[in-house]
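Following: one structure in structure tokens, then a few remarks.
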Amino acid sequence: RPGEGQYNEGVLTIDGRIDLFADLEETGEGKTGLLLLDFKTDRAMVKDRYIDQVKLYALALEKALGKPVVEAYLYWVRHGKAERLDLTK
């Protein structure tokens with residue numbers, strides 16, 4: 001039946017959009033894997049607020065494309081700064 005099991009206990013639905021990702025193999029720099037970038041417009045640069053969100057985006061990319069996310073960044077638009085995230089913690 002359509003939708004059967006869609007909202008079972010223990011299932012979590014996340015609504016979000018990946019802003020930008022790139023396959024590093026296509027850059028010609030000899031790197032492999034994916035780069036993930038998420039833009040933020042907050043006034044304060046608080047990366048801990050978004051680490052779980054970016055980890056979920058990385059997991060989704062890895063499942064969809066079969067390649068690991070090897071670099072992930074938040075780009076703080078108001079400050080013009082990129083901040084690298086450690087997705088292994």
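Scheme for the structure tokens: letters A, B, ... for chains in order shown; per-chain residue numbers from 1; ligand numbers from 1 in order shown.
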**OP:** For A:Tyr57, list every protein, DNA or RNA residue within 9 Å, evaluated using only C-alpha atoms, and leave out those in the same chain fewer than 6 positions away; present the list as a VMD selection string.
**Re:** chain A and resid 16 to 18 36
List every residue of stretch 4-66 of chain A that has an atom at most 9 Å from any atom of stretch 81-85 of chain A, and for each one report the closest atom pair and its distance in Å to one decimal, counting only C-alpha atoms, with rows sorted by chain and then by increasing residue number, as a Markdown table.
| residue | atom | partner | partner_atom | distance |
| --- | --- | --- | --- | --- |
| A:Leu37 | CA | A:Ala82 | CA | 8.8 |
| A:Phe39 | CA | A:Ala82 | CA | 9.0 |
| A:Lys47 | CA | A:Leu85 | CA | 8.0 |
| A:Ile51 | CA | A:Leu85 | CA | 7.4 |
| A:Val54 | CA | A:Leu85 | CA | 8.6 |
Prev. selection, all heavy atoms, output as a PDB file, in the first residue's frame:
ATOM      1  N   LEU A  37      29.382  22.150   1.111  1.00  0.00           N
ATOM      2  CA  LEU A  37      29.396  23.543   1.571  1.00  0.00           C
ATOM      3  C   LEU A  37      27.978  23.961   1.904  1.00  0.00           C
ATOM      4  O   LEU A  37      27.054  23.749   1.107  1.00  0.00           O
ATOM      5  CB  LEU A  37      29.964  24.441   0.473  1.00  0.00           C
ATOM      6  CG  LEU A  37      30.106  25.926   0.774  1.00  0.00           C
ATOM      7  CD1 LEU A  37      31.112  26.165   1.886  1.00  0.00           C
ATOM      8  CD2 LEU A  37      30.533  26.667  -0.477  1.00  0.00           C
ATOM      9  N   PHE A  39      25.766  27.294   3.206  1.00  0.00           N
ATOM     10  CA  PHE A  39      25.778  28.739   3.426  1.00  0.00           C
ATOM     11  C   PHE A  39      24.922  29.112   4.624  1.00  0.00           C
ATOM     12  O   PHE A  39      23.816  28.589   4.779  1.00  0.00           O
ATOM     13  CB  PHE A  39      25.248  29.471   2.187  1.00  0.00           C
ATOM     14  CG  PHE A  39      26.108  29.297   0.975  1.00  0.00           C
ATOM     15  CD1 PHE A  39      25.777  28.368   0.001  1.00  0.00           C
ATOM     16  CD2 PHE A  39      27.253  30.053   0.801  1.00  0.00           C
ATOM     17  CE1 PHE A  39      26.565  28.202  -1.121  1.00  0.00           C
ATOM     18  CE2 PHE A  39      28.056  29.884  -0.322  1.00  0.00           C
ATOM     19  CZ  PHE A  39      27.703  28.963  -1.280  1.00  0.00           C
ATOM     20  N   LYS A  47      29.206  27.451  14.845  1.00  0.00           N
ATOM     21  CA  LYS A  47      29.190  26.245  14.020  1.00  0.00           C
ATOM     22  C   LYS A  47      28.533  25.061  14.719  1.00  0.00           C
ATOM     23  O   LYS A  47      27.960  24.202  14.062  1.00  0.00           O
ATOM     24  CB  LYS A  47      30.581  25.892  13.530  1.00  0.00           C
ATOM     25  CG  LYS A  47      31.505  25.332  14.568  1.00  0.00           C
ATOM     26  CD  LYS A  47      32.832  24.959  13.945  1.00  0.00           C
ATOM     27  CE  LYS A  47      33.780  24.417  14.981  1.00  0.00           C
ATOM     28  NZ  LYS A  47      35.067  24.070  14.407  1.00  0.00           N
ATOM     29  N   ILE A  51      26.362  21.514  13.109  1.00  0.00           N
ATOM     30  CA  ILE A  51      27.161  20.326  12.836  1.00  0.00           C
ATOM     31  C   ILE A  51      26.295  19.095  12.560  1.00  0.00           C
ATOM     32  O   ILE A  51      26.565  18.323  11.640  1.00  0.00           O
ATOM     33  CB  ILE A  51      28.201  20.053  13.950  1.00  0.00           C
ATOM     34  CG1 ILE A  51      29.162  18.948  13.544  1.00  0.00           C
ATOM     35  CG2 ILE A  51      27.535  19.733  15.267  1.00  0.00           C
ATOM     36  CD1 ILE A  51      30.162  19.351  12.518  1.00  0.00           C
ATOM     37  N   VAL A  54      24.781  19.283   9.019  1.00  0.00           N
ATOM     38  CA  VAL A  54      25.757  19.003   7.963  1.00  0.00           C
ATOM     39  C   VAL A  54      26.124  17.518   7.956  1.00  0.00           C
ATOM     40  O   VAL A  54      26.321  16.926   6.892  1.00  0.00           O
ATOM     41  CB  VAL A  54      26.997  19.910   8.103  1.00  0.00           C
ATOM     42  CG1 VAL A  54      28.067  19.540   7.096  1.00  0.00           C
ATOM     43  CG2 VAL A  54      26.584  21.373   7.937  1.00  0.00           C
TER      44      VAL A  54
END
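When DSSP reads the backbone of this structure, the residues of chain A it assigns to alpha helix (DSSP H) are Ile51, Asp52, Gln53, Val54, Lys55, Leu56, Tyr57, Ala58, Leu59, Ala60, Leu61, Glu62, Lys63, Ala64 and Leu65 of chain A.
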Preceding selection exported with C-alpha atoms as a JSON list (two decimals), in the first residue's frame:
[["chain", "number", "residue", "atom", "x", "y", "z"],
["A", 51, "ILE", "CA", 27.16, 20.33, 12.84],
["A", 52, "ASP", "CA", 24.37, 17.73, 13.11],
["A", 53, "GLN", "CA", 22.59, 19.21, 10.08],
["A", 54, "VAL", "CA", 25.76, 19.00, 7.96],
["A", 55, "LYS", "CA", 26.44, 15.45, 9.17],
["A", 56, "LEU", "CA", 22.98, 14.44, 7.93],
["A", 57, "TYR", "CA", 23.63, 16.12, 4.58],
["A", 58, "ALA", "CA", 26.94, 14.23, 4.33],
["A", 59, "LEU", "CA", 25.21, 10.93, 5.09],
["A", 60, "ALA", "CA", 22.57, 11.63, 2.44],
["A", 61, "LEU", "CA", 25.22, 12.44, -0.18],
["A", 62, "GLU", "CA", 27.23, 9.34, 0.66],
["A", 63, "LYS", "CA", 24.15, 7.13, 0.33],
["A", 64, "ALA", "CA", 22.98, 8.78, -2.88],
["A", 65, "LEU", "CA", 26.33, 8.96, -4.68]]
**OP:** List the neighbours of A:Met45 out to 12 Å using only C-alpha atoms; skip same-chain residues closer than 2 positions along the sequence, and give me the result as a PyMOL selection string.
**Re:** chain A and resi 39-43+47-50+74-83
Looking only at the backbone, which of the residues in chain A does DSSP tag as strand (DSSP E), as a PDB file with N, CA, C and O atoms, in the first residue's frame?
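The result, stored in states_12.pdb:
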ATOM      1  N   LEU A  20      25.542  23.273  -1.655  1.00  0.00           N
ATOM      2  CA  LEU A  20      26.539  23.046  -2.697  1.00  0.00           C
ATOM      3  C   LEU A  20      27.385  21.836  -2.344  1.00  0.00           C
ATOM      4  O   LEU A  20      27.776  21.664  -1.194  1.00  0.00           O
ATOM      5  N   PHE A  21      27.655  20.997  -3.346  1.00  0.00           N
ATOM      6  CA  PHE A  21      28.634  19.939  -3.170  1.00  0.00           C
ATOM      7  C   PHE A  21      29.384  19.783  -4.479  1.00  0.00           C
ATOM      8  O   PHE A  21      28.906  20.175  -5.540  1.00  0.00           O
ATOM      9  N   ALA A  22      30.590  19.237  -4.369  1.00  0.00           N
ATOM     10  CA  ALA A  22      31.419  19.026  -5.552  1.00  0.00           C
ATOM     11  C   ALA A  22      32.132  17.691  -5.424  1.00  0.00           C
ATOM     12  O   ALA A  22      32.534  17.288  -4.330  1.00  0.00           O
ATOM     13  N   ASP A  23      32.303  17.023  -6.555  1.00  0.00           N
ATOM     14  CA  ASP A  23      33.077  15.797  -6.606  1.00  0.00           C
ATOM     15  C   ASP A  23      34.533  16.201  -6.822  1.00  0.00           C
ATOM     16  O   ASP A  23      34.881  16.741  -7.868  1.00  0.00           O
ATOM     17  N   LEU A  34      33.885  13.781  -1.838  1.00  0.00           N
ATOM     18  CA  LEU A  34      33.017  14.934  -2.049  1.00  0.00           C
ATOM     19  C   LEU A  34      33.336  16.070  -1.092  1.00  0.00           C
ATOM     20  O   LEU A  34      33.752  15.847   0.041  1.00  0.00           O
ATOM     21  N   LEU A  35      33.134  17.277  -1.554  1.00  0.00           N
ATOM     22  CA  LEU A  35      33.220  18.489  -0.733  1.00  0.00           C
ATOM     23  C   LEU A  35      31.799  18.986  -0.544  1.00  0.00           C
ATOM     24  O   LEU A  35      31.014  19.025  -1.498  1.00  0.00           O
ATOM     25  N   LEU A  36      31.440  19.363   0.675  1.00  0.00           N
ATOM     26  CA  LEU A  36      30.103  19.841   1.022  1.00  0.00           C
ATOM     27  C   LEU A  36      30.220  21.248   1.608  1.00  0.00           C
ATOM     28  O   LEU A  36      31.072  21.498   2.469  1.00  0.00           O
ATOM     29  N   LEU A  37      29.382  22.150   1.111  1.00  0.00           N
ATOM     30  CA  LEU A  37      29.396  23.543   1.571  1.00  0.00           C
ATOM     31  C   LEU A  37      27.978  23.961   1.904  1.00  0.00           C
ATOM     32  O   LEU A  37      27.054  23.749   1.107  1.00  0.00           O
ATOM     33  N   ASP A  38      27.790  24.530   3.095  1.00  0.00           N
ATOM     34  CA  ASP A  38      26.475  25.009   3.513  1.00  0.00           C
ATOM     35  C   ASP A  38      26.578  26.489   3.857  1.00  0.00           C
ATOM     36  O   ASP A  38      27.415  26.882   4.673  1.00  0.00           O
ATOM     37  N   PHE A  39      25.766  27.294   3.206  1.00  0.00           N
ATOM     38  CA  PHE A  39      25.778  28.739   3.426  1.00  0.00           C
ATOM     39  C   PHE A  39      24.922  29.112   4.624  1.00  0.00           C
ATOM     40  O   PHE A  39      23.816  28.589   4.779  1.00  0.00           O
ATOM     41  N   LYS A  40      25.431  30.031   5.446  1.00  0.00           N
ATOM     42  CA  LYS A  40      24.697  30.522   6.611  1.00  0.00           C
ATOM     43  C   LYS A  40      24.717  32.044   6.613  1.00  0.00           C
ATOM     44  O   LYS A  40      25.731  32.663   6.277  1.00  0.00           O
ATOM     45  N   VAL A  69      32.019  12.030   1.929  1.00  0.00           N
ATOM     46  CA  VAL A  69      32.268  13.466   2.058  1.00  0.00           C
ATOM     47  C   VAL A  69      33.571  13.593   2.834  1.00  0.00           C
ATOM     48  O   VAL A  69      33.657  13.180   3.986  1.00  0.00           O
ATOM     49  N   VAL A  70      34.595  14.144   2.196  1.00  0.00           N
ATOM     50  CA  VAL A  70      35.912  14.237   2.820  1.00  0.00           C
ATOM     51  C   VAL A  70      36.230  15.645   3.314  1.00  0.00           C
ATOM     52  O   VAL A  70      37.167  15.831   4.088  1.00  0.00           O
ATOM     53  N   GLU A  71      35.461  16.620   2.864  1.00  0.00           N
ATOM     54  CA  GLU A  71      35.612  17.996   3.344  1.00  0.00           C
ATOM     55  C   GLU A  71      34.229  18.617   3.465  1.00  0.00           C
ATOM     56  O   GLU A  71      33.394  18.442   2.578  1.00  0.00           O
ATOM     57  N   ALA A  72      34.003  19.329   4.573  1.00  0.00           N
ATOM     58  CA  ALA A  72      32.728  20.013   4.779  1.00  0.00           C
ATOM     59  C   ALA A  72      32.993  21.379   5.403  1.00  0.00           C
ATOM     60  O   ALA A  72      33.852  21.510   6.279  1.00  0.00           O
ATOM     61  N   TYR A  73      32.259  22.378   4.924  1.00  0.00           N
ATOM     62  CA  TYR A  73      32.448  23.755   5.384  1.00  0.00           C
ATOM     63  C   TYR A  73      31.108  24.443   5.596  1.00  0.00           C
ATOM     64  O   TYR A  73      30.137  24.159   4.890  1.00  0.00           O
ATOM     65  N   LEU A  74      31.103  25.367   6.550  1.00  0.00           N
ATOM     66  CA  LEU A  74      30.041  26.367   6.648  1.00  0.00           C
ATOM     67  C   LEU A  74      30.612  27.636   6.053  1.00  0.00           C
ATOM     68  O   LEU A  74      31.757  28.007   6.349  1.00  0.00           O
ATOM     69  N   TYR A  75      29.845  28.292   5.205  1.00  0.00           N
ATOM     70  CA  TYR A  75      30.279  29.585   4.679  1.00  0.00           C
ATOM     71  C   TYR A  75      29.382  30.650   5.283  1.00  0.00           C
ATOM     72  O   TYR A  75      28.168  30.663   5.054  1.00  0.00           O
ATOM     73  N   TRP A  76      29.980  31.524   6.086  1.00  0.00           N
ATOM     74  CA  TRP A  76      29.257  32.587   6.782  1.00  0.00           C
ATOM     75  C   TRP A  76      29.183  33.792   5.854  1.00  0.00           C
ATOM     76  O   TRP A  76      30.148  34.533   5.708  1.00  0.00           O
ATOM     77  N   LYS A  81      33.460  34.388   5.411  1.00  0.00           N
ATOM     78  CA  LYS A  81      34.435  33.414   5.896  1.00  0.00           C
ATOM     79  C   LYS A  81      33.895  31.999   5.783  1.00  0.00           C
ATOM     80  O   LYS A  81      32.708  31.745   6.031  1.00  0.00           O
ATOM     81  N   ALA A  82      34.790  31.075   5.440  1.00  0.00           N
ATOM     82  CA  ALA A  82      34.460  29.649   5.420  1.00  0.00           C
ATOM     83  C   ALA A  82      35.098  29.001   6.636  1.00  0.00           C
ATOM     84  O   ALA A  82      36.229  29.313   7.006  1.00  0.00           O
ATOM     85  N   GLU A  83      34.366  28.084   7.254  1.00  0.00           N
ATOM     86  CA  GLU A  83      34.866  27.391   8.438  1.00  0.00           C
ATOM     87  C   GLU A  83      34.751  25.876   8.210  1.00  0.00           C
ATOM     88  O   GLU A  83      33.660  25.366   7.949  1.00  0.00           O
ATOM     89  N   ARG A  84      35.880  25.187   8.286  1.00  0.00           N
ATOM     90  CA  ARG A  84      35.890  23.741   8.056  1.00  0.00           C
ATOM     91  C   ARG A  84      35.285  23.019   9.238  1.00  0.00           C
ATOM     92  O   ARG A  84      35.516  23.400  10.396  1.00  0.00           O
ATOM     93  N   LEU A  85      34.509  21.977   8.942  1.00  0.00           N
ATOM     94  CA  LEU A  85      33.881  21.168   9.977  1.00  0.00           C
ATOM     95  C   LEU A  85      34.532  19.799  10.049  1.00  0.00           C
ATOM     96  O   LEU A  85      34.890  19.222   9.018  1.00  0.00           O
TER      97      LEU A  85
END
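In this structure, atom CA of A:Leu87 sits 17.8 Å away from atom CA of A:Lys31.
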